[in-house]
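Asker: Dropping in final_38.cif, which is mmCIF, C-alpha atoms:
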data_start
loop_
_atom_site.group_PDB
_atom_site.id
_atom_site.type_symbol
_atom_site.label_atom_id
_atom_site.label_comp_id
_atom_site.auth_asym_id
_atom_site.auth_seq_id
_atom_site.Cartn_x
_atom_site.Cartn_y
_atom_site.Cartn_z
ATOM 1 C CA MET A 1 11.156 -10.648 3.921
ATOM 2 C CA ILE A 2 8.438 -8.362 5.280
ATOM 3 C CA THR A 3 5.211 -10.237 6.022
ATOM 4 C CA GLY A 4 1.836 -9.453 7.540
ATOM 5 C CA SER A 5 -0.108 -6.193 7.554
ATOM 6 C CA ILE A 6 1.630 -3.392 5.681
ATOM 7 C CA VAL A 7 -0.418 -0.222 5.886
ATOM 8 C CA ALA A 8 -0.693 1.885 2.740
ATOM 9 C CA LEU A 9 -0.415 4.965 4.917
ATOM 10 C CA VAL A 10 -2.321 8.157 4.169
ATOM 11 C CA THR A 11 -0.389 11.426 4.247
ATOM 12 C CA PRO A 12 -2.102 13.651 6.850
ATOM 13 C CA MET A 13 -2.644 17.225 5.701
ATOM 14 C CA HIS A 14 -3.876 20.495 7.075
ATOM 15 C CA VAL A 15 -6.965 22.078 5.531
ATOM 16 C CA ASP A 16 -4.728 24.140 3.239
ATOM 17 C CA GLY A 17 -3.208 20.926 1.835
ATOM 18 C CA SER A 18 0.193 21.208 3.520
ATOM 19 C CA VAL A 19 1.628 18.075 5.130
ATOM 20 C CA ASP A 20 0.727 17.721 8.805
ATOM 21 C CA TRP A 21 3.969 16.339 10.185
ATOM 22 C CA SER A 22 2.759 16.015 13.772
ATOM 23 C CA ALA A 23 -0.268 13.994 12.688
ATOM 24 C CA LEU A 24 1.967 11.789 10.542
ATOM 25 C CA GLY A 25 4.081 10.945 13.562
ATOM 26 C CA ARG A 26 1.025 10.225 15.704
ATOM 27 C CA LEU A 27 -0.438 8.015 12.992
ATOM 28 C CA MET A 28 2.773 6.023 12.750
ATOM 29 C CA ASP A 29 2.801 5.572 16.532
ATOM 30 C CA LEU A 30 -0.736 4.184 16.416
ATOM 31 C CA HIS A 31 0.420 1.557 13.953
ATOM 32 C CA LEU A 32 3.397 0.645 16.075
ATOM 33 C CA GLU A 33 1.074 0.106 19.043
ATOM 34 C CA ALA A 34 -1.464 -1.869 16.976
ATOM 35 C CA GLY A 35 1.008 -4.425 15.617
ATOM 36 C CA THR A 36 1.226 -3.274 11.996
ATOM 37 C CA SER A 37 4.153 -5.069 10.336
ATOM 38 C CA ALA A 38 5.429 -2.245 8.108
ATOM 39 C CA ILE A 39 4.608 1.289 6.988
ATOM 40 C CA GLY A 40 3.994 1.946 3.299
ATOM 41 C CA ALA A 41 4.915 5.619 2.906
ATOM 42 C CA VAL A 42 3.908 7.848 -0.007
ATOM 43 C CA GLY A 43 2.234 5.186 -2.069
ATOM 44 C CA THR A 44 -0.837 6.016 -4.094
ATOM 45 C CA THR A 45 -2.917 6.087 -0.878
ATOM 46 C CA GLY A 46 -0.384 8.622 0.408
ATOM 47 C CA GLU A 47 -1.297 10.975 -2.467
ATOM 48 C CA SER A 48 2.069 10.552 -4.162
ATOM 49 C CA SER A 49 0.599 11.904 -7.393
ATOM 50 C CA THR A 50 0.047 15.372 -5.883
ATOM 51 C CA LEU A 51 3.042 15.697 -3.563
ATOM 52 C CA ASP A 52 5.861 17.525 -5.259
ATOM 53 C CA ALA A 53 9.270 15.867 -5.531
ATOM 54 C CA ALA A 54 10.716 17.575 -2.468
ATOM 55 C CA GLU A 55 7.684 16.695 -0.314
ATOM 56 C CA HIS A 56 7.742 13.108 -1.568
ATOM 57 C CA CYS A 57 11.317 12.673 -0.402
ATOM 58 C CA GLU A 58 10.687 14.568 2.844
ATOM 59 C CA VAL A 59 7.805 12.270 3.840
ATOM 60 C CA ILE A 60 9.938 9.189 3.238
ATOM 61 C CA LYS A 61 12.802 10.656 5.257
ATOM 62 C CA TYR A 62 10.435 11.671 8.063
ATOM 63 C CA CYS A 63 8.959 8.157 8.253
ATOM 64 C CA VAL A 64 12.405 6.557 8.381
ATOM 65 C CA THR A 65 13.572 8.979 11.064
ATOM 66 C CA HIS A 66 10.409 8.695 13.147
ATOM 67 C CA SER A 67 10.384 4.901 12.980
ATOM 68 C CA ALA A 68 13.971 4.820 14.271
ATOM 69 C CA GLY A 69 14.230 1.186 13.218
ATOM 70 C CA ARG A 70 11.126 0.141 15.149
ATOM 71 C CA ILE A 71 9.157 -0.782 12.034
ATOM 72 C CA PRO A 72 10.199 -1.298 8.394
ATOM 73 C CA ILE A 73 9.483 1.513 5.955
ATOM 74 C CA VAL A 74 8.416 0.611 2.408
ATOM 75 C CA ALA A 75 8.706 3.768 0.345
ATOM 76 C CA GLY A 76 6.480 4.401 -2.650
ATOM 77 C CA THR A 77 8.860 5.461 -5.412
ATOM 78 C CA GLY A 78 7.008 4.602 -8.607
ATOM 79 C CA SER A 79 6.358 6.931 -11.508
ATOM 80 C CA ASN A 80 5.327 6.829 -15.140
ATOM 81 C CA SER A 81 8.789 8.244 -15.863
ATOM 82 C CA THR A 82 11.590 5.720 -15.434
ATOM 83 C CA ARG A 83 14.065 8.500 -14.686
ATOM 84 C CA GLU A 84 11.837 9.944 -11.981
ATOM 85 C CA ALA A 85 11.252 6.497 -10.462
ATOM 86 C CA ILE A 86 15.023 5.990 -10.272
ATOM 87 C CA TYR A 87 15.394 9.411 -8.632
ATOM 88 C CA PHE A 88 12.770 8.660 -5.972
ATOM 89 C CA THR A 89 14.177 5.182 -5.382
ATOM 90 C CA GLN A 90 17.682 6.570 -4.940
ATOM 91 C CA ALA A 91 16.323 9.147 -2.493
ATOM 92 C CA ALA A 92 14.496 6.461 -0.518
ATOM 93 C CA ALA A 93 17.590 4.276 -0.360
ATOM 94 C CA GLY A 94 19.639 7.269 0.763
ATOM 95 C CA ALA A 95 17.089 8.048 3.481
ATOM 96 C CA GLY A 96 17.352 4.515 4.834
ATOM 97 C CA ALA A 97 14.071 2.967 3.661
ATOM 98 C CA ASP A 98 13.925 -0.811 3.980
ATOM 99 C CA ALA A 99 12.298 -1.399 0.582
ATOM 100 C CA CYS A 100 10.566 0.430 -2.239
ATOM 101 C CA LEU A 101 7.157 -0.063 -3.828
ATOM 102 C CA LEU A 102 7.008 0.697 -7.546
ATOM 103 C CA VAL A 103 3.667 1.138 -9.260
ATOM 104 C CA THR A 104 3.378 0.361 -12.946
ATOM 105 C CA PRO A 105 3.828 3.430 -15.191
ATOM 106 C CA TYR A 106 0.372 4.955 -15.424
ATOM 107 C CA TYR A 107 -1.192 6.740 -18.390
ATOM 108 C CA ASN A 108 1.550 6.140 -20.975
ATOM 109 C CA ARG A 109 0.605 2.432 -21.135
ATOM 110 C CA PRO A 110 3.911 0.727 -22.022
ATOM 111 C CA THR A 111 4.102 -2.718 -23.597
ATOM 112 C CA GLN A 112 5.080 -5.737 -21.525
ATOM 113 C CA GLN A 113 8.630 -5.349 -22.796
ATOM 114 C CA GLY A 114 8.529 -1.688 -21.793
ATOM 115 C CA LEU A 115 7.357 -2.664 -18.317
ATOM 116 C CA TYR A 116 10.139 -5.225 -18.043
ATOM 117 C CA GLU A 117 12.779 -2.696 -19.093
ATOM 118 C CA HIS A 118 11.318 -0.050 -16.750
ATOM 119 C CA PHE A 119 11.523 -2.201 -13.634
ATOM 120 C CA LYS A 120 14.824 -3.775 -14.666
ATOM 121 C CA SER A 121 16.373 -0.320 -15.101
ATOM 122 C CA ILE A 122 15.287 0.786 -11.631
ATOM 123 C CA ALA A 123 16.504 -2.442 -10.028
ATOM 124 C CA GLU A 124 19.888 -2.141 -11.697
ATOM 125 C CA ALA A 125 20.217 1.546 -10.800
ATOM 126 C CA VAL A 126 19.427 1.261 -7.071
ATOM 127 C CA ASP A 127 20.536 -1.548 -4.760
ATOM 128 C CA ILE A 128 17.508 -1.724 -2.475
ATOM 129 C CA PRO A 129 14.781 -4.410 -2.191
ATOM 130 C CA GLN A 130 11.998 -3.535 -4.627
ATOM 131 C CA ILE A 131 8.339 -4.571 -4.704
ATOM 132 C CA LEU A 132 6.389 -4.337 -7.942
ATOM 133 C CA TYR A 133 2.863 -2.928 -7.774
ATOM 134 C CA ASN A 134 0.173 -3.897 -10.263
ATOM 135 C CA VAL A 135 -3.130 -1.999 -10.039
ATOM 136 C CA PRO A 136 -4.579 -1.925 -13.567
ATOM 137 C CA GLY A 137 -7.883 -0.465 -12.409
ATOM 138 C CA ARG A 138 -6.101 2.811 -11.654
ATOM 139 C CA THR A 139 -3.131 2.856 -14.022
ATOM 140 C CA ALA A 140 -4.636 1.588 -17.312
ATOM 141 C CA VAL A 141 -1.704 -0.814 -17.668
ATOM 142 C CA ASP A 142 -1.494 -4.434 -16.545
ATOM 143 C CA LEU A 143 1.704 -6.206 -15.532
ATOM 144 C CA ALA A 144 1.240 -9.741 -16.862
ATOM 145 C CA ASN A 145 2.229 -12.732 -14.749
ATOM 146 C CA ASP A 146 4.667 -13.783 -17.475
ATOM 147 C CA THR A 147 6.430 -10.439 -17.134
ATOM 148 C CA VAL A 148 6.485 -10.758 -13.345
ATOM 149 C CA ALA A 149 8.136 -14.168 -13.731
ATOM 150 C CA ARG A 150 10.856 -12.602 -15.891
ATOM 151 C CA LEU A 151 11.402 -9.800 -13.389
ATOM 152 C CA ALA A 152 11.589 -12.323 -10.532
ATOM 153 C CA GLU A 153 14.976 -13.373 -11.900
ATOM 154 C CA ILE A 154 16.417 -9.980 -10.897
ATOM 155 C CA GLY A 155 17.917 -10.299 -7.437
ATOM 156 C CA ASN A 156 16.656 -7.170 -5.694
ATOM 157 C CA ILE A 157 13.102 -7.457 -7.028
ATOM 158 C CA VAL A 158 11.704 -9.228 -3.987
ATOM 159 C CA GLY A 159 7.910 -9.009 -4.203
ATOM 160 C CA ILE A 160 4.761 -7.828 -5.911
ATOM 161 C CA LYS A 161 1.646 -6.108 -4.652
ATOM 162 C CA ASP A 162 -1.162 -7.656 -6.685
ATOM 163 C CA ALA A 163 -4.120 -5.275 -6.541
ATOM 164 C CA THR A 164 -6.050 -6.915 -9.364
ATOM 165 C CA GLY A 165 -8.491 -8.619 -6.990
ATOM 166 C CA ASP A 166 -8.228 -11.707 -9.225
ATOM 167 C CA LEU A 167 -7.587 -14.592 -6.846
ATOM 168 C CA GLU A 168 -6.853 -17.142 -9.551
ATOM 169 C CA ARG A 169 -4.245 -14.852 -10.966
ATOM 170 C CA GLY A 170 -2.775 -14.308 -7.506
ATOM 171 C CA ARG A 171 -2.645 -18.029 -6.841
ATOM 172 C CA GLU A 172 -0.851 -18.518 -10.146
ATOM 173 C CA LEU A 173 1.733 -15.931 -9.085
ATOM 174 C CA ILE A 174 2.277 -17.793 -5.806
ATOM 175 C CA GLU A 175 2.690 -21.087 -7.674
ATOM 176 C CA ARG A 176 5.062 -19.676 -10.287
ATOM 177 C CA CYS A 177 7.053 -17.125 -8.295
ATOM 178 C CA GLY A 178 6.314 -17.691 -4.607
ATOM 179 C CA SER A 179 9.684 -19.298 -3.956
ATOM 180 C CA VAL A 180 11.545 -16.132 -5.008
ATOM 181 C CA LEU A 181 8.969 -13.328 -4.645
ATOM 182 C CA ALA A 182 6.751 -12.280 -1.759
ATOM 183 C CA ILE A 183 3.232 -12.119 -3.177
ATOM 184 C CA TYR A 184 1.250 -9.442 -1.345
ATOM 185 C CA SER A 185 -2.411 -8.655 -1.741
ATOM 186 C CA GLY A 186 -3.244 -5.079 -2.588
ATOM 187 C CA ASP A 187 -6.989 -5.678 -2.490
ATOM 188 C CA ASP A 188 -8.552 -5.722 0.981
ATOM 189 C CA PRO A 189 -11.729 -7.652 0.050
ATOM 190 C CA THR A 190 -9.751 -10.640 -1.304
ATOM 191 C CA ALA A 191 -6.642 -10.360 0.878
ATOM 192 C CA MET A 192 -7.600 -13.099 3.339
ATOM 193 C CA GLU A 193 -8.020 -15.706 0.610
ATOM 194 C CA LEU A 194 -4.728 -14.802 -1.034
ATOM 195 C CA MET A 195 -2.888 -15.125 2.270
ATOM 196 C CA LEU A 196 -4.576 -18.446 3.004
ATOM 197 C CA ALA A 197 -3.247 -19.560 -0.395
ATOM 198 C CA GLY A 198 0.298 -18.632 0.577
ATOM 199 C CA GLY A 199 0.487 -14.869 0.109
ATOM 200 C CA ALA A 200 3.033 -13.039 2.248
ATOM 201 C CA GLY A 201 0.719 -10.317 3.529
ATOM 202 C CA ASN A 202 -1.578 -7.439 2.688
ATOM 203 C CA ILE A 203 -0.588 -3.916 1.665
ATOM 204 C CA SER A 204 -3.767 -2.433 3.010
ATOM 205 C CA VAL A 205 -5.917 0.685 2.848
ATOM 206 C CA THR A 206 -8.279 -0.653 5.520
ATOM 207 C CA ALA A 207 -5.353 -0.998 7.941
ATOM 208 C CA ASN A 208 -5.325 2.797 8.231
ATOM 209 C CA VAL A 209 -8.529 2.722 10.288
ATOM 210 C CA ALA A 210 -8.413 -0.858 11.593
ATOM 211 C CA PRO A 211 -4.714 -1.533 12.223
ATOM 212 C CA ALA A 212 -5.085 -4.051 15.040
ATOM 213 C CA LEU A 213 -7.823 -6.035 13.298
ATOM 214 C CA MET A 214 -5.895 -6.140 10.025
ATOM 215 C CA SER A 215 -2.760 -7.245 11.846
ATOM 216 C CA GLN A 216 -4.704 -10.059 13.508
ATOM 217 C CA LEU A 217 -6.342 -11.072 10.227
ATOM 218 C CA CYS A 218 -2.991 -11.279 8.438
ATOM 219 C CA ALA A 219 -1.439 -13.341 11.228
ATOM 220 C CA LEU A 220 -4.343 -15.798 11.292
ATOM 221 C CA ALA A 221 -4.606 -16.149 7.520
ATOM 222 C CA SER A 222 -0.866 -16.612 7.124
ATOM 223 C CA SER A 223 -1.029 -19.374 9.741
ATOM 224 C CA GLY A 224 -3.859 -21.098 7.897
ATOM 225 C CA GLU A 225 -6.409 -20.498 10.664
ATOM 226 C CA ARG A 226 -9.362 -19.993 8.347
ATOM 227 C CA GLU A 227 -12.247 -20.001 10.825
ATOM 228 C CA GLN A 228 -10.766 -17.301 13.064
ATOM 229 C CA ALA A 229 -9.591 -15.264 10.071
ATOM 230 C CA GLU A 230 -13.063 -15.400 8.544
ATOM 231 C CA ALA A 231 -14.610 -14.061 11.755
ATOM 232 C CA ILE A 232 -12.427 -10.952 11.563
ATOM 233 C CA ASN A 233 -12.889 -10.662 7.816
ATOM 234 C CA ARG A 234 -16.677 -10.527 8.266
ATOM 235 C CA ARG A 235 -16.273 -7.569 10.601
ATOM 236 C CA LEU A 236 -14.043 -5.794 8.107
ATOM 237 C CA SER A 237 -15.984 -6.620 4.959
ATOM 238 C CA PRO A 238 -18.371 -3.602 5.007
ATOM 239 C CA LEU A 239 -15.410 -1.333 5.702
ATOM 240 C CA ASN A 240 -13.417 -2.799 2.819
ATOM 241 C CA HIS A 241 -16.296 -1.786 0.571
ATOM 242 C CA ALA A 242 -17.099 1.588 2.155
ATOM 243 C CA LEU A 243 -13.520 2.824 1.856
ATOM 244 C CA PHE A 244 -13.861 2.703 -1.919
ATOM 245 C CA LEU A 245 -17.239 4.415 -2.312
ATOM 246 C CA GLU A 246 -15.231 7.278 -3.773
ATOM 247 C CA PRO A 247 -11.674 7.111 -5.093
ATOM 248 C CA ASN A 248 -9.021 6.204 -2.533
ATOM 249 C CA PRO A 249 -7.922 7.904 -0.278
ATOM 250 C CA ILE A 250 -11.033 10.114 -0.027
ATOM 251 C CA PRO A 251 -13.115 7.800 2.214
ATOM 252 C CA VAL A 252 -10.247 6.567 4.398
ATOM 253 C CA LYS A 253 -9.005 10.096 5.125
ATOM 254 C CA TRP A 254 -12.560 11.147 6.002
ATOM 255 C CA ALA A 255 -12.922 8.141 8.320
ATOM 256 C CA LEU A 256 -9.634 8.938 10.071
ATOM 257 C CA CYS A 257 -10.744 12.529 10.467
ATOM 258 C CA GLN A 258 -14.028 11.401 12.037
ATOM 259 C CA ARG A 259 -12.013 9.352 14.514
ATOM 260 C CA GLY A 260 -9.932 12.423 15.374
ATOM 261 C CA VAL A 261 -6.721 10.814 14.156
ATOM 262 C CA ILE A 262 -5.952 13.342 11.405
ATOM 263 C CA GLY A 263 -7.373 16.622 10.135
ATOM 264 C CA GLY A 264 -9.563 17.028 7.087
ATOM 265 C CA GLY A 265 -6.928 18.042 4.560
ATOM 266 C CA ILE A 266 -6.782 16.438 1.127
ATOM 267 C CA ARG A 267 -5.285 17.781 -2.092
ATOM 268 C CA LEU A 268 -7.074 18.761 -5.228
ATOM 269 C CA PRO A 269 -8.190 17.321 -7.543
ATOM 270 C CA LEU A 270 -9.427 15.072 -4.713
ATOM 271 C CA THR A 271 -12.116 16.524 -2.459
ATOM 272 C CA SER A 272 -13.690 15.507 0.848
ATOM 273 C CA LEU A 273 -16.130 12.599 0.953
ATOM 274 C CA ASP A 274 -19.556 13.466 -0.427
ATOM 275 C CA ASP A 275 -22.287 13.786 2.217
ATOM 276 C CA GLN A 276 -24.299 10.941 0.692
ATOM 277 C CA TYR A 277 -21.642 8.417 1.789
ATOM 278 C CA HIS A 278 -21.084 9.583 5.363
ATOM 279 C CA ALA A 279 -23.641 7.304 6.979
ATOM 280 C CA GLN A 280 -22.404 4.242 5.117
ATOM 281 C CA VAL A 281 -18.791 4.767 6.163
ATOM 282 C CA LEU A 282 -19.806 5.405 9.775
ATOM 283 C CA LYS A 283 -21.956 2.261 9.772
ATOM 284 C CA ALA A 284 -19.032 0.219 8.448
ATOM 285 C CA LEU A 285 -16.790 1.534 11.211
ATOM 286 C CA GLU A 286 -19.471 0.591 13.724
ATOM 287 C CA THR A 287 -19.784 -2.925 12.279
ATOM 288 C CA ALA A 288 -16.033 -3.388 12.572
ATOM 289 C CA ARG A 289 -16.295 -2.191 16.194
ATOM 290 C CA ILE A 290 -13.416 0.248 15.931
#
If you took the structure in this file and wrote it as structure tokens, what would it be?

Answerer:
Amino acid sequence: MITGSIVALVTPMHVDGSVDWSALGRLMDLHLEAGTSAIGAVGTTGESSTLDAAEHCEVIKYCVTHSAGRIPIVAGTGSNSTREAIYFTQAAAGAGADACLLVTPYYNRPTQQGLYEHFKSIAEAVDIPQILYNVPGRTAVDLANDTVARLAEIGNIVGIKDATGDLERGRELIERCGSVLAIYSGDDPTAMELMLAGGAGNISVTANVAPALMSQLCALASSGEREQAEAINRRLSPLNHALFLEPNPIPVKWALCQRGVIGGGIRLPLTSLDDQYHAQVLKALETARI
């Protein structure tokens, strides 16, 4: 089971929107050096919604090849089309990814039974460890804990990224399913508390710009060392907020660009961070001392 800090990696791009492969490799190397536990490739933070199918698969393959077994690769393969999700998951398995992350089907808003059948179909079609991903604030569909408990009975469904930010709900998931599923936070502001309650780790946006700090936070929280974890969490708290002043990944890509890690490319309909937020993001980076 993968534990600790799993970065929801951005996909670096040139100004024209094409994938910057060299920057992607450098970014991965930074995470290897900083102690990140796993790379989440082409998730929603990686702009999966605007990469075409060929690019989506190419980024996963590149990450697997570049990692060369040095760090696990969790490939984002979700879609609001079950057939497409199976296609991406098959491609990720064929490329050698260690696991797949599957977001709930956005926009078409299936019922709980539809969600169950969707994830069950993917799990049965592709023999690779699969992590569910519930982020109702972005998808307009909510994967209920009861449905997660049903899906936990399927052998290769091994975890869930809970990005609801609802700690009571997360604790209930740990109590009900923690013996068979890894319960990951997908919400940086509440991640520490979920890990202190028994969560397996954090699939993190903030880890893009603070990989070493997030790795340390996850290790401390998972070990139950609250006081030390809280000290790091206080440093990261303004950043956790600032990186969502505009829709993700707009602020985090801007912050990485300011640090000279990647270029300024981002794909429409997303645009670069509005000038009014620049100072706040820079101040948050300064507070985190990174």

Asker: Hey, can you check how far atom CA of Glu193 of chain A sits from atom CA of Lys283 of chain A?

Answerer: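 Between atom CA of Glu193 of chain A and atom CA of Lys283 of chain A the gap works out to 24.5 Å.
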
Asker: Contacts of segment 45-48 of chain A at 12 Å or less, counting all atoms listed in the file, minus same-chain residues fewer than 3 places along, as an MDAnalysis selection string?

Answerer: chainID A and resid 7:13 17:19 24 39:42 51:60 75:79 85 88 101:103 138 186 203:208 243:244 247:253 265:270

Asker: Which residues come within 6 Å of Gly201 of chain A, counting all atoms listed in the file, excluding same-chain residues fewer than 5 positions away, as a VMD selection string?

Answerer: chain A and resid 3 to 5 184

Asker: Selection in question (the file shown): the PyMOL selection byres ((chain A and resi 189) around 7). Which residues does it include, as a list in words?

Answerer: Asp187, Asp188, Thr190, Ala191, Ser237 and Asn240 of chain A

Asker: When the PyMOL selection byres ((chain A and resi 224) around 10) is applied to the file above, which residues end up in the set, as JSON, numbers by chain?

Answerer: {"A": [192, 193, 195, 196, 197, 198, 218, 219, 220, 221, 222, 223, 225, 226, 227, 228, 229]}

Asker: Give me a file of those residues, with C-alpha atoms, as a PDB file, keeping the file's coordinate frame.

Answerer:
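Saved the output as selection.pdb:
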ATOM      1  CA  MET A 192      -7.600 -13.099   3.339  1.00  0.00           C
ATOM      2  CA  GLU A 193      -8.020 -15.706   0.610  1.00  0.00           C
ATOM      3  CA  MET A 195      -2.888 -15.125   2.270  1.00  0.00           C
ATOM      4  CA  LEU A 196      -4.576 -18.446   3.004  1.00  0.00           C
ATOM      5  CA  ALA A 197      -3.247 -19.560  -0.395  1.00  0.00           C
ATOM      6  CA  GLY A 198       0.298 -18.632   0.577  1.00  0.00           C
ATOM      7  CA  CYS A 218      -2.991 -11.279   8.438  1.00  0.00           C
ATOM      8  CA  ALA A 219      -1.439 -13.341  11.228  1.00  0.00           C
ATOM      9  CA  LEU A 220      -4.343 -15.798  11.292  1.00  0.00           C
ATOM     10  CA  ALA A 221      -4.606 -16.149   7.520  1.00  0.00           C
ATOM     11  CA  SER A 222      -0.866 -16.612   7.124  1.00  0.00           C
ATOM     12  CA  SER A 223      -1.029 -19.374   9.741  1.00  0.00           C
ATOM     13  CA  GLU A 225      -6.409 -20.498  10.664  1.00  0.00           C
ATOM     14  CA  ARG A 226      -9.362 -19.993   8.347  1.00  0.00           C
ATOM     15  CA  GLU A 227     -12.247 -20.001  10.825  1.00  0.00           C
ATOM     16  CA  GLN A 228     -10.766 -17.301  13.064  1.00  0.00           C
ATOM     17  CA  ALA A 229      -9.591 -15.264  10.071  1.00  0.00           C
TER      18      ALA A 229
END

Asker: For a test of reading the model, state the distance in Å between atom CA of Phe119 of chain A and atom CA of Asp142 of chain A, rounded to one decimal.

Answerer: 13.5 Å

Asker: Measuring atom to atom with all atoms listed in the file, identify which of A:Lys61, A:Arg235, A:Arg83, A:Arg26 is nearest to Ala97 of chain A.

Answerer: A:Lys61

Asker: Grab the atom CA of Ser215 of chain A to atom CA of Gly35 of chain A distance for me, in Å with one decimal place.

Answerer: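 Atom-to-atom, atom CA of Ser215 of chain A to atom CA of Gly35 of chain A, that is 6.0 Å.
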
Asker: Show me as a PyMOL selection string the residues that reach within 12 Å of (14.6, -16.4, -5.7), counting only C-alpha atoms and using the file's own coordinates.

Answerer: chain A and resi 1+149-159+176-182

Asker: Tell me which of A:Asp166, A:Ala38, A:Thr50, A:Gly96 sits closest to Val64 of chain A, counting all atoms listed in the file.

Answerer: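 Going through A:Asp166, A:Ala38, A:Thr50, A:Gly96 one by one, the smallest distance to Val64 of chain A is for A:Gly96.
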
Asker: Using only C-alpha atoms, which of A:Arg70, A:Arg169, A:His14, A:Arg109 sits nearest Leu32 of chain A?

Answerer: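 The closest residue to Leu32 of chain A is A:Arg70.
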
Asker: Between A:Val135, A:Cys100, A:Ala284, A:Ala144, which is the closest to Gly114 of chain A once you count all atoms listed in the file?

Answerer: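 The shortest atom-to-atom distance to Gly114 of chain A comes from A:Ala144.
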